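One file, query09.cif, carrying mmCIF, C-alpha atoms and all ligand atoms:
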```cif
data_data
#
loop_
_atom_site.label_atom_id
_atom_site.label_comp_id
_atom_site.auth_asym_id
_atom_site.auth_seq_id
_atom_site.Cartn_x
_atom_site.Cartn_y
_atom_site.Cartn_z
CA MET A 25 -126.94 -127.45 -229.91
CA ARG A 26 -123.72 -127.71 -227.97
CA ILE A 27 -121.26 -129.89 -229.84
CA LEU A 28 -118.04 -131.33 -228.45
CA VAL A 29 -115.66 -132.15 -231.32
CA THR A 30 -112.72 -134.40 -230.40
CA GLY A 31 -109.88 -134.14 -232.91
CA GLY A 32 -111.23 -130.76 -234.03
CA ALA A 33 -107.75 -129.46 -234.90
CA GLY A 34 -107.27 -132.22 -237.48
CA PHE A 35 -108.14 -132.27 -241.15
CA ILE A 36 -111.79 -133.42 -241.01
CA GLY A 37 -112.50 -132.12 -237.51
CA SER A 38 -111.47 -128.58 -238.46
CA ALA A 39 -113.64 -128.73 -241.60
CA LEU A 40 -116.58 -129.76 -239.41
CA VAL A 41 -115.91 -126.97 -236.92
CA ARG A 42 -115.58 -124.33 -239.66
CA ARG A 43 -118.87 -125.54 -241.12
CA LEU A 44 -120.69 -125.52 -237.75
CA ILE A 45 -119.50 -122.03 -236.85
CA ASN A 46 -120.01 -120.53 -240.31
CA HIS A 47 -123.30 -122.20 -241.30
CA THR A 48 -125.21 -123.00 -238.08
CA ASP A 49 -125.98 -121.50 -234.67
CA HIS A 50 -124.45 -124.42 -232.78
CA GLU A 51 -121.84 -123.87 -230.06
CA VAL A 52 -118.62 -125.83 -230.54
CA LEU A 53 -115.93 -126.94 -228.13
CA VAL A 54 -112.83 -128.54 -229.68
CA PHE A 55 -111.10 -131.14 -227.48
CA ASP A 56 -107.71 -131.97 -229.01
CA LYS A 57 -104.33 -133.16 -227.76
CA LEU A 58 -102.52 -131.34 -230.60
CA THR A 59 -100.39 -134.25 -231.74
CA TYR A 60 -98.19 -133.78 -234.81
CA ALA A 61 -101.49 -133.82 -236.82
CA GLY A 62 -103.29 -131.15 -234.81
CA VAL A 63 -102.90 -127.78 -236.53
CA LEU A 64 -104.40 -124.80 -234.72
CA SER A 65 -104.07 -122.53 -237.75
CA SER A 66 -106.73 -124.68 -239.46
CA LEU A 67 -109.17 -123.25 -236.91
CA GLU A 68 -108.05 -119.64 -237.32
CA PRO A 69 -111.00 -118.77 -239.61
CA VAL A 70 -113.42 -119.38 -236.70
CA ALA A 71 -111.20 -118.70 -233.68
CA SER A 72 -112.74 -115.29 -232.94
CA SER A 73 -116.33 -116.58 -232.81
CA ASN A 74 -117.94 -116.45 -229.35
CA ARG A 75 -119.55 -119.84 -230.19
CA TYR A 76 -116.11 -121.50 -230.44
CA SER A 77 -113.81 -122.67 -227.65
CA PHE A 78 -110.78 -124.97 -227.38
CA VAL A 79 -109.34 -127.32 -224.76
CA GLN A 80 -105.98 -129.02 -225.23
CA ALA A 81 -106.22 -132.49 -223.67
CA ASP A 82 -105.88 -136.21 -224.36
CA ILE A 83 -108.97 -138.41 -224.88
CA CYS A 84 -107.15 -141.10 -222.84
CA ASP A 85 -107.26 -138.76 -219.79
CA ALA A 86 -110.56 -139.68 -218.09
CA ASP A 87 -110.41 -136.75 -215.65
CA ALA A 88 -109.96 -134.22 -218.44
CA VAL A 89 -112.82 -135.74 -220.45
CA SER A 90 -115.09 -135.83 -217.39
CA ARG A 91 -114.31 -132.19 -216.53
CA VAL A 92 -115.08 -130.99 -220.03
CA LEU A 93 -118.37 -132.91 -220.19
CA ARG A 94 -119.45 -131.46 -216.86
CA ASP A 95 -118.49 -127.89 -217.79
CA PHE A 96 -119.62 -127.82 -221.44
CA GLN A 97 -122.77 -129.99 -221.15
CA PRO A 98 -122.77 -131.17 -224.78
CA ASP A 99 -125.83 -132.36 -226.72
CA VAL A 100 -123.55 -134.14 -229.21
CA ILE A 101 -120.09 -135.65 -228.98
CA ALA A 102 -118.60 -135.85 -232.47
CA HIS A 103 -115.66 -138.16 -231.84
CA LEU A 104 -112.98 -137.72 -234.51
CA ALA A 105 -109.77 -137.77 -232.45
CA ALA A 106 -107.59 -140.59 -233.73
CA GLU A 107 -104.25 -141.55 -235.15
CA SER A 108 -105.26 -141.54 -238.81
CA HIS A 109 -102.32 -142.41 -241.08
CA VAL A 110 -101.93 -146.01 -242.28
CA ASP A 111 -98.19 -145.66 -243.01
CA ARG A 112 -97.49 -144.40 -239.46
CA SER A 113 -99.50 -147.35 -238.08
CA ILE A 114 -97.07 -149.69 -239.85
CA ASP A 115 -94.05 -147.94 -238.29
CA GLY A 116 -95.55 -147.50 -234.80
CA PRO A 117 -98.85 -149.24 -234.03
CA GLY A 118 -98.77 -148.54 -230.27
CA ALA A 119 -100.15 -145.00 -230.50
CA PHE A 120 -103.01 -146.30 -232.66
CA ILE A 121 -104.06 -148.87 -230.05
CA GLN A 122 -103.77 -146.26 -227.31
CA THR A 123 -105.67 -143.39 -228.89
CA ASN A 124 -108.09 -145.19 -231.20
CA MET A 125 -109.10 -148.02 -228.88
CA VAL A 126 -108.24 -147.02 -225.30
CA GLY A 127 -109.12 -143.37 -226.02
CA THR A 128 -112.48 -144.34 -227.51
CA PHE A 129 -113.16 -146.55 -224.47
CA VAL A 130 -112.45 -143.59 -222.17
CA MET A 131 -114.72 -141.33 -224.24
CA LEU A 132 -117.53 -143.91 -224.13
CA ASN A 133 -117.26 -144.53 -220.41
CA GLN A 134 -117.22 -140.83 -219.54
CA ALA A 135 -120.05 -140.11 -222.00
CA LEU A 136 -122.12 -142.88 -220.41
CA GLY A 137 -121.71 -141.43 -216.91
CA TYR A 138 -122.55 -137.95 -218.21
CA TRP A 139 -125.59 -139.16 -220.19
CA ARG A 140 -126.96 -141.11 -217.24
CA GLY A 141 -126.90 -137.90 -215.21
CA LEU A 142 -129.02 -136.01 -217.75
CA ALA A 143 -132.81 -135.79 -217.65
CA GLY A 144 -135.77 -135.10 -219.93
CA ASP A 145 -135.22 -133.73 -223.46
CA LYS A 146 -131.51 -133.18 -222.85
CA LYS A 147 -131.09 -136.91 -222.15
CA ALA A 148 -133.39 -138.02 -224.99
CA SER A 149 -131.63 -135.94 -227.62
CA PHE A 150 -128.00 -136.70 -226.62
CA ARG A 151 -125.88 -138.43 -229.30
CA PHE A 152 -122.40 -139.99 -229.29
CA HIS A 153 -121.25 -139.96 -232.93
CA HIS A 154 -118.16 -142.02 -233.79
CA ILE A 155 -116.44 -141.01 -237.03
CA SER A 156 -114.86 -144.03 -238.66
CA THR A 157 -113.47 -145.34 -241.91
CA ASP A 158 -114.35 -147.66 -244.79
CA GLU A 159 -110.99 -149.41 -244.20
CA VAL A 160 -112.62 -151.54 -241.45
CA PHE A 161 -114.28 -153.57 -244.24
CA GLY A 162 -110.97 -154.73 -245.75
CA SER A 163 -110.16 -154.74 -249.44
CA LEU A 164 -112.35 -155.31 -252.53
CA GLY A 165 -111.52 -156.96 -255.84
CA GLU A 166 -112.48 -155.30 -259.12
CA ASP A 167 -116.25 -155.38 -258.34
CA GLY A 168 -118.62 -154.69 -255.48
CA PHE A 169 -119.15 -152.05 -252.81
CA PHE A 170 -119.00 -151.85 -249.01
CA THR A 171 -122.47 -151.60 -247.45
CA GLU A 172 -123.39 -151.09 -243.79
CA THR A 173 -123.69 -154.89 -243.41
CA THR A 174 -120.36 -155.87 -245.00
CA PRO A 175 -118.43 -158.03 -242.49
CA TYR A 176 -115.41 -156.39 -240.88
CA ASP A 177 -112.01 -157.50 -242.22
CA PRO A 178 -109.42 -154.86 -241.19
CA ARG A 179 -105.91 -155.49 -242.47
CA SER A 180 -103.61 -152.70 -241.22
CA PRO A 181 -102.85 -151.71 -237.62
CA TYR A 182 -104.77 -148.47 -238.32
CA SER A 183 -107.89 -150.16 -239.68
CA ALA A 184 -107.79 -152.85 -236.98
CA SER A 185 -107.70 -150.16 -234.28
CA LYS A 186 -110.62 -148.32 -235.92
CA ALA A 187 -112.57 -151.59 -236.24
CA GLY A 188 -111.94 -152.20 -232.52
CA SER A 189 -113.23 -148.73 -231.68
CA ASP A 190 -116.35 -149.23 -233.85
CA HIS A 191 -117.11 -152.46 -231.96
CA LEU A 192 -116.69 -150.70 -228.61
CA VAL A 193 -119.07 -147.92 -229.67
CA ARG A 194 -121.76 -150.40 -230.77
CA ALA A 195 -121.27 -152.40 -227.55
CA TRP A 196 -121.87 -149.28 -225.44
CA GLY A 197 -125.04 -148.65 -227.47
CA HIS A 198 -126.30 -152.22 -227.24
CA THR A 199 -125.36 -152.99 -223.64
CA TYR A 200 -125.84 -149.67 -221.87
CA GLY A 201 -128.33 -147.96 -224.19
CA LEU A 202 -125.99 -145.02 -224.96
CA PRO A 203 -127.44 -143.32 -228.08
CA VAL A 204 -124.59 -143.95 -230.50
CA LEU A 205 -124.15 -143.29 -234.23
CA VAL A 206 -121.34 -144.61 -236.44
CA THR A 207 -120.26 -143.33 -239.85
CA ASN A 208 -117.77 -145.16 -242.08
CA CYS A 209 -116.35 -142.88 -244.74
CA SER A 210 -114.03 -143.18 -247.72
CA ASN A 211 -110.89 -141.11 -248.47
CA ASN A 212 -111.31 -137.40 -247.83
CA TYR A 213 -109.35 -134.64 -249.57
CA GLY A 214 -109.44 -130.84 -249.61
CA PRO A 215 -108.02 -127.73 -247.91
CA TYR A 216 -105.96 -128.12 -244.70
CA HIS A 217 -105.09 -131.77 -245.51
CA PHE A 218 -101.96 -132.84 -243.60
CA PRO A 219 -99.05 -133.37 -246.07
CA GLU A 220 -98.47 -137.03 -245.13
CA LYS A 221 -101.53 -138.08 -247.19
CA LEU A 222 -101.38 -138.81 -250.94
CA ILE A 223 -103.07 -135.72 -252.41
CA PRO A 224 -101.36 -132.92 -250.43
CA LEU A 225 -98.04 -134.79 -250.53
CA ILE A 226 -98.15 -134.96 -254.33
CA ILE A 227 -99.15 -131.30 -254.74
CA ILE A 228 -96.38 -130.08 -252.42
CA ARG A 229 -93.65 -132.34 -253.80
CA ALA A 230 -94.65 -131.41 -257.37
CA LEU A 231 -94.30 -127.71 -256.55
CA ASN A 232 -90.93 -128.39 -254.88
CA GLY A 233 -89.61 -130.22 -257.97
CA GLU A 234 -89.26 -133.52 -256.07
CA PRO A 235 -90.05 -137.13 -257.14
CA LEU A 236 -93.77 -138.00 -256.85
CA PRO A 237 -93.86 -141.41 -255.08
CA VAL A 238 -96.52 -143.81 -256.38
CA TYR A 239 -96.69 -147.01 -254.30
CA GLY A 240 -96.51 -150.28 -256.29
CA ASP A 241 -97.89 -149.94 -259.81
CA GLY A 242 -100.38 -147.17 -258.96
CA SER A 243 -103.42 -149.38 -259.66
CA ASN A 244 -104.86 -149.34 -256.12
CA VAL A 245 -108.30 -147.72 -256.06
CA ARG A 246 -109.75 -145.32 -253.50
CA ASP A 247 -113.14 -143.55 -253.42
CA TRP A 248 -112.56 -139.81 -252.91
CA LEU A 249 -114.86 -137.41 -251.02
CA PHE A 250 -114.35 -133.64 -250.73
CA VAL A 251 -113.90 -132.91 -247.01
CA ASP A 252 -116.63 -130.22 -246.82
CA ASP A 253 -119.11 -132.78 -248.16
CA HIS A 254 -118.05 -135.15 -245.37
CA ALA A 255 -118.60 -132.38 -242.79
CA CYS A 256 -122.07 -131.86 -244.23
CA ALA A 257 -122.80 -135.61 -243.95
CA LEU A 258 -121.62 -135.67 -240.33
CA GLN A 259 -123.94 -132.79 -239.46
CA ALA A 260 -126.87 -134.59 -241.13
CA VAL A 261 -126.11 -137.76 -239.15
CA PHE A 262 -125.89 -136.23 -235.69
CA GLU A 263 -128.85 -133.93 -236.31
CA LYS A 264 -131.18 -136.44 -238.02
CA GLY A 265 -129.66 -139.95 -237.79
CA LYS A 266 -131.31 -142.73 -235.83
CA PRO A 267 -129.45 -143.86 -232.67
CA GLY A 268 -127.89 -147.29 -233.06
CA GLU A 269 -127.55 -146.90 -236.83
CA THR A 270 -124.47 -146.92 -239.04
CA TYR A 271 -124.18 -144.83 -242.20
CA ASN A 272 -121.63 -145.35 -244.98
CA VAL A 273 -120.40 -142.10 -246.53
CA GLY A 274 -118.65 -141.94 -249.92
CA GLY A 275 -117.96 -139.71 -252.87
CA ASN A 276 -118.99 -142.05 -255.70
CA ALA A 277 -115.61 -141.15 -257.19
CA GLU A 278 -113.40 -144.21 -257.56
CA LYS A 279 -109.93 -143.49 -258.94
CA LYS A 280 -106.71 -145.42 -259.34
CA ASN A 281 -103.89 -143.70 -257.46
CA ILE A 282 -102.05 -143.04 -260.71
CA GLU A 283 -105.16 -141.29 -262.07
CA VAL A 284 -105.25 -139.04 -259.00
CA VAL A 285 -101.57 -138.16 -259.38
CA ALA A 286 -102.00 -137.53 -263.12
CA ALA A 287 -105.01 -135.26 -262.45
CA ILE A 288 -102.99 -133.16 -259.98
CA CYS A 289 -100.09 -132.89 -262.46
CA ALA A 290 -102.44 -131.77 -265.25
CA ILE A 291 -104.01 -129.03 -263.08
CA LEU A 292 -100.57 -127.79 -262.02
CA ASP A 293 -99.39 -127.77 -265.67
CA ARG A 294 -102.26 -125.35 -266.33
CA LEU A 295 -102.15 -123.20 -263.18
CA ARG A 296 -98.37 -123.13 -262.47
CA PRO A 297 -96.57 -124.32 -265.66
CA LYS A 298 -92.95 -125.45 -265.32
CA THR A 299 -90.32 -123.79 -267.44
CA ASN A 300 -89.02 -127.21 -268.52
CA GLY A 301 -91.24 -130.26 -269.07
CA LYS A 302 -94.37 -131.46 -267.31
CA TYR A 303 -95.11 -132.28 -263.66
CA ALA A 304 -95.87 -135.90 -264.66
CA ASP A 305 -92.15 -136.25 -265.50
CA GLN A 306 -91.57 -136.29 -261.70
CA ILE A 307 -93.72 -139.46 -261.16
CA THR A 308 -91.65 -142.29 -259.61
CA TYR A 309 -92.91 -145.79 -258.83
CA VAL A 310 -91.64 -146.88 -255.39
CA THR A 311 -91.78 -150.00 -253.18
CA ASP A 312 -95.34 -150.85 -252.29
CA ARG A 313 -96.94 -150.25 -248.87
CA PRO A 314 -96.81 -153.54 -246.86
CA GLY A 315 -100.29 -155.12 -246.87
CA HIS A 316 -101.58 -152.44 -249.27
CA ASP A 317 -105.38 -152.78 -249.65
CA HIS A 318 -106.28 -152.98 -253.35
CA ARG A 319 -109.64 -151.27 -253.62
CA TYR A 320 -112.22 -149.47 -251.46
CA ALA A 321 -115.67 -148.50 -252.77
CA ILE A 322 -118.70 -147.29 -250.84
CA ASP A 323 -122.39 -147.86 -251.39
CA ALA A 324 -123.80 -144.65 -249.86
CA SER A 325 -127.44 -145.28 -250.75
CA LYS A 326 -128.60 -145.49 -247.10
CA ILE A 327 -127.46 -141.99 -246.11
CA ARG A 328 -128.86 -140.69 -249.42
CA SER A 329 -132.31 -142.20 -248.90
CA ASP A 330 -132.62 -141.82 -245.11
CA LEU A 331 -130.95 -138.44 -244.56
CA ASP A 332 -131.08 -136.88 -248.03
CA TRP A 333 -127.28 -136.40 -248.23
CA THR A 334 -125.26 -136.54 -251.46
CA PRO A 335 -121.86 -135.08 -252.34
CA SER A 336 -122.13 -131.55 -253.74
CA VAL A 337 -118.97 -131.58 -255.87
CA THR A 338 -117.46 -134.05 -258.34
CA PHE A 339 -113.87 -135.24 -257.97
CA GLU A 340 -112.88 -133.01 -260.90
CA GLN A 341 -114.34 -129.91 -259.19
CA GLY A 342 -112.98 -130.84 -255.76
CA ILE A 343 -109.44 -131.58 -256.90
CA GLU A 344 -109.29 -128.28 -258.83
CA GLN A 345 -110.39 -126.40 -255.67
CA THR A 346 -107.88 -128.34 -253.59
CA VAL A 347 -104.88 -127.68 -255.85
CA THR A 348 -105.87 -124.01 -256.02
CA TRP A 349 -106.11 -123.84 -252.21
CA PHE A 350 -102.62 -125.34 -251.78
CA LEU A 351 -101.24 -122.85 -254.32
CA GLU A 352 -102.81 -119.95 -252.44
CA ASN A 353 -102.01 -121.13 -248.90
CA GLN A 354 -98.33 -122.03 -248.97
CA ALA A 355 -97.79 -120.43 -245.54
CA TRP A 356 -100.12 -123.05 -243.95
CA TRP A 357 -98.21 -126.04 -245.31
CA GLN A 358 -94.72 -124.54 -245.25
CA ASP A 359 -95.01 -124.17 -241.44
CA ILE A 360 -95.75 -127.90 -241.23
CA LEU A 361 -92.86 -128.80 -243.55
CA ASP A 362 -90.46 -126.64 -241.51
CA ALA A 363 -91.49 -127.85 -238.04
CA ARG A 364 -93.20 -131.24 -238.19
CA TYR A 365 -92.99 -133.39 -241.32
CA SER A 366 -91.28 -132.79 -244.63
CA THR A 367 -93.01 -135.39 -246.90
CA GLN A 368 -90.40 -138.17 -246.48
CA ARG A 369 -91.46 -141.82 -247.04
CA LEU A 370 -93.20 -143.52 -244.11
CA GLY A 371 -94.46 -147.05 -243.48
CA VAL A 372 -91.96 -149.34 -245.17
CA ALA A 373 -91.89 -151.65 -242.13
CA ASN A 374 -88.15 -151.36 -241.63
CA GLY A 375 -88.45 -151.90 -237.96
P1 LIG B 401 -106.06 -136.11 -238.53
O1 LIG B 401 -104.92 -137.01 -238.28
O2 LIG B 401 -105.92 -135.01 -239.53
O3 LIG B 401 -106.51 -135.42 -237.15
C1 LIG B 401 -106.60 -136.13 -235.96
C2 LIG B 401 -106.78 -135.12 -234.82
O4 LIG B 401 -106.94 -135.85 -233.60
C3 LIG B 401 -105.58 -134.19 -234.63
O5 LIG B 401 -106.02 -132.86 -234.43
C4 LIG B 401 -104.90 -134.73 -233.37
O6 LIG B 401 -104.22 -133.74 -232.63
C5 LIG B 401 -106.09 -135.28 -232.60
N1 LIG B 401 -105.71 -136.35 -231.67
C6 LIG B 401 -104.95 -137.45 -231.94
N2 LIG B 401 -104.79 -138.18 -230.83
C7 LIG B 401 -105.49 -137.56 -229.84
C8 LIG B 401 -105.72 -137.85 -228.48
N3 LIG B 401 -105.18 -138.92 -227.88
N4 LIG B 401 -106.50 -137.01 -227.75
C9 LIG B 401 -107.04 -135.91 -228.35
N5 LIG B 401 -106.84 -135.57 -229.62
C10 LIG B 401 -106.07 -136.39 -230.37
O7 LIG B 401 -107.29 -137.06 -238.87
P2 LIG B 401 -108.46 -136.85 -239.94
O8 LIG B 401 -107.99 -137.26 -241.27
O9 LIG B 401 -109.05 -135.51 -239.75
O10 LIG B 401 -109.47 -137.98 -239.44
C11 LIG B 401 -110.41 -137.68 -238.41
C12 LIG B 401 -111.22 -138.93 -238.10
O11 LIG B 401 -111.89 -139.38 -239.28
C13 LIG B 401 -110.37 -140.11 -237.65
O12 LIG B 401 -111.07 -140.79 -236.64
C14 LIG B 401 -110.24 -140.98 -238.89
O13 LIG B 401 -110.10 -142.33 -238.54
C15 LIG B 401 -111.57 -140.72 -239.57
N6 LIG B 401 -111.57 -140.86 -241.04
C16 LIG B 401 -110.63 -140.21 -241.80
C17 LIG B 401 -110.69 -140.28 -243.18
C18 LIG B 401 -109.70 -139.56 -244.06
O14 LIG B 401 -109.72 -139.73 -245.28
N7 LIG B 401 -108.83 -138.71 -243.54
C19 LIG B 401 -111.71 -141.02 -243.79
C20 LIG B 401 -112.64 -141.68 -242.98
C21 LIG B 401 -112.57 -141.57 -241.60
O1 LIG B 402 -110.39 -144.89 -246.71
C1 LIG B 402 -110.38 -143.96 -245.66
C2 LIG B 402 -108.97 -143.75 -245.17
O2 LIG B 402 -108.30 -142.98 -246.17
C3 LIG B 402 -108.90 -143.06 -243.82
O3 LIG B 402 -109.50 -143.87 -242.84
C4 LIG B 402 -107.46 -142.74 -243.43
O4 LIG B 402 -107.43 -142.00 -242.23
C5 LIG B 402 -106.83 -141.93 -244.54
O5 LIG B 402 -105.47 -141.68 -244.26
C6 LIG B 402 -106.97 -142.65 -245.88
O6 LIG B 402 -106.14 -143.85 -245.91
P1 LIG B 402 -105.26 -144.24 -247.19
O7 LIG B 402 -104.18 -145.13 -246.77
O8 LIG B 402 -106.14 -144.67 -248.31
O9 LIG B 402 -104.70 -142.76 -247.58
P2 LIG B 402 -103.26 -142.26 -248.08
O10 LIG B 402 -103.43 -140.84 -248.50
O11 LIG B 402 -102.19 -142.59 -247.12
O12 LIG B 402 -103.03 -143.14 -249.40
C7 LIG B 402 -103.95 -143.11 -250.48
C8 LIG B 402 -103.46 -144.11 -251.52
O13 LIG B 402 -102.27 -143.59 -252.11
C9 LIG B 402 -103.08 -145.46 -250.94
O14 LIG B 402 -103.43 -146.47 -251.88
C10 LIG B 402 -101.54 -145.39 -250.80
C11 LIG B 402 -101.15 -144.47 -251.93
N1 LIG B 402 -99.97 -143.61 -251.70
C12 LIG B 402 -99.93 -142.88 -250.54
C13 LIG B 402 -98.86 -142.03 -250.29
C14 LIG B 402 -98.77 -141.24 -249.00
C15 LIG B 402 -98.99 -143.49 -252.67
O15 LIG B 402 -99.06 -144.14 -253.74
N2 LIG B 402 -97.94 -142.63 -252.43
C16 LIG B 402 -97.82 -141.91 -251.28
O16 LIG B 402 -96.81 -141.17 -251.11
#
```
Do you think you could lay out the structure here as structure tokens?
Ligand code: NAD
Ligand code: DAU
Amino acid sequence: MRILVTGGAGFIGSALVRRLINHTDHEVLVFDKLTYAGVLSSLEPVASSNRYSFVQADICDADAVSRVLRDFQPDVIAHLAAESHVDRSIDGPGAFIQTNMVGTFVMLNQALGYWRGLAGDKKASFRFHHISTDEVFGSLGEDGFFTETTPYDPRSPYSASKAGSDHLVRAWGHTYGLPVLVTNCSNNYGPYHFPEKLIPLIIIRALNGEPLPVYGDGSNVRDWLFVDDHACALQAVFEKGKPGETYNVGGNAEKKNIEVVAAICAILDRLRPKTNGKYADQITYVTDRPGHDHRYAIDASKIRSDLDWTPSVTFEQGIEQTVTWFLENQAWWQDILDARYSTQRLGVANG
């Protein structure tokens, strides 16, 4: 198949592209604006493949999208391009509305025109796959799980913009018959994770001897999924999923934030011991994130039963691999720290 991956230079997009090039015969075109979060070196492992190509462009640019669809003739659009960081959405929501909602509208409209011009098997097998988040469902108390039928209740500018884009995608499926798929996934982690997110930020700050900021009292719960398992789920959905359906994707690995931070510190104590004290000594409780959702948890039984997908690694295995990767790939993250973002606090709603 010919697969157009928007946001393919990002954390999850690049994992998907590496998987598709290394483990399938599919051809892949990455369409990415290269915002602060787009990191071309994450695609270096596959850059020399003759099944890989790259276009730098904005999903809000209808002409650029139209040109690429006409030239590449995709069978699948895997739409991952988005502004993805909740804290940045608190500081500057405008870019989230623009890329996540307007950009998704542009992608849908151009995909519809392209799909209508197809014929036969090529038309029947085309899929527009929107990659979304569990945050659209809001926040849980101590019990319960998000299912595919949980009502939407987004609470941050990021999750509201993703909820809006999910609704647009379903509307284009329902109204115009575009063969759409939606996945809503929990927190990913793994290699090539941009250092603004909790897990890479903690690993890097720990190694640099800096305070490890835990928002609030550290009791907020997230469900963690190793990014390569997410890439595997995405492939299963666009290859075998039923158009019009939504699939929840999760790691079955709920952790309090403080447990995640403690796990990272314990691995570093073993793999890179400090001369004085323990990494956990660096933990610092800081002002909470405004509107901080308490708990997310995913019921992933539908994708397990319908598409035979389950995570291949536990959180304990995945976090060990992740810490090891960050220890062995300092050049990748040091470039980001030097040129783009140096792990300072974001999202305190100061203006
Ligand atoms: P990321 O921030 O690491 O990467 C986003 C990519 O999109 C970057 O390469 C960036 O350059 C590109 N991009 C941004 N705006 C663009 C635009 N206007 N035009 C073209 N490209 C643009 O994000 P991620 O963590 O890899 O997330 C990918 C997708 O998965 C997002 O849609 C996100 O909402 C969703 N998601 C993420 C998680 C997670 O834990 N990270 C979980 C569930 C769903
Ligand atoms: O649930 C899926 C979502 O997971 C995705 O849709 C988002 O794109 C992705 O960024 C992620 O959102 P979170 O807000 O959950 O991820 P983040 O890594 O920013 O924060 C994880 C938890 O850790 C959250 O409860 C806030 C907390 N935190 C975060 C940072 C950056 C801290 O305690 N300290 C920190 O320094």
Please check which protein, DNA or RNA residues sit within 6 Å of ligand LIG 401 (chain B), counting all atoms listed in the file, and write them as a VMD selection string.
chain A and resid 31 to 37 56 to 59 61 to 62 81 to 84 104 to 108 123 155 to 157 209 to 212
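Each of A:Leu205, A:Met25, A:Ala286, A:Leu64 was compared to Ile45 (chain A) using only C-alpha atoms, and A:Met25 turns out to be the nearest.
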Could you pull out the residues sitting within 9 Å of ligand LIG 402 (chain B), using all atoms listed in the file, and write them as a ChimeraX atom specification?
/A:106-111,156-160,182-183,186,208-213,219-226,236-248,280-282,284-285,309-310,312-313,316-321,367-370
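For the residues A:Phe218, A:Thr334, A:Leu258, A:Asn300, ranking by smallest atom-to-atom distance to Gly275 (chain A) using only C-alpha atoms places A:Thr334 first.
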Fewer than 5 positions away in the same chain doesn't count, so skip those; otherwise give me all residues within 10 Å of region 254-257 of chain A, counting all atoms listed in the file, as a ChimeraX atom specification.
/A:36-44,207,209-213,249,262-263,271-275,327-328,331-336
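In this structure, CA of Ser113 (chain A) sits 19.9 Å away from CA of Leu192 (chain A).
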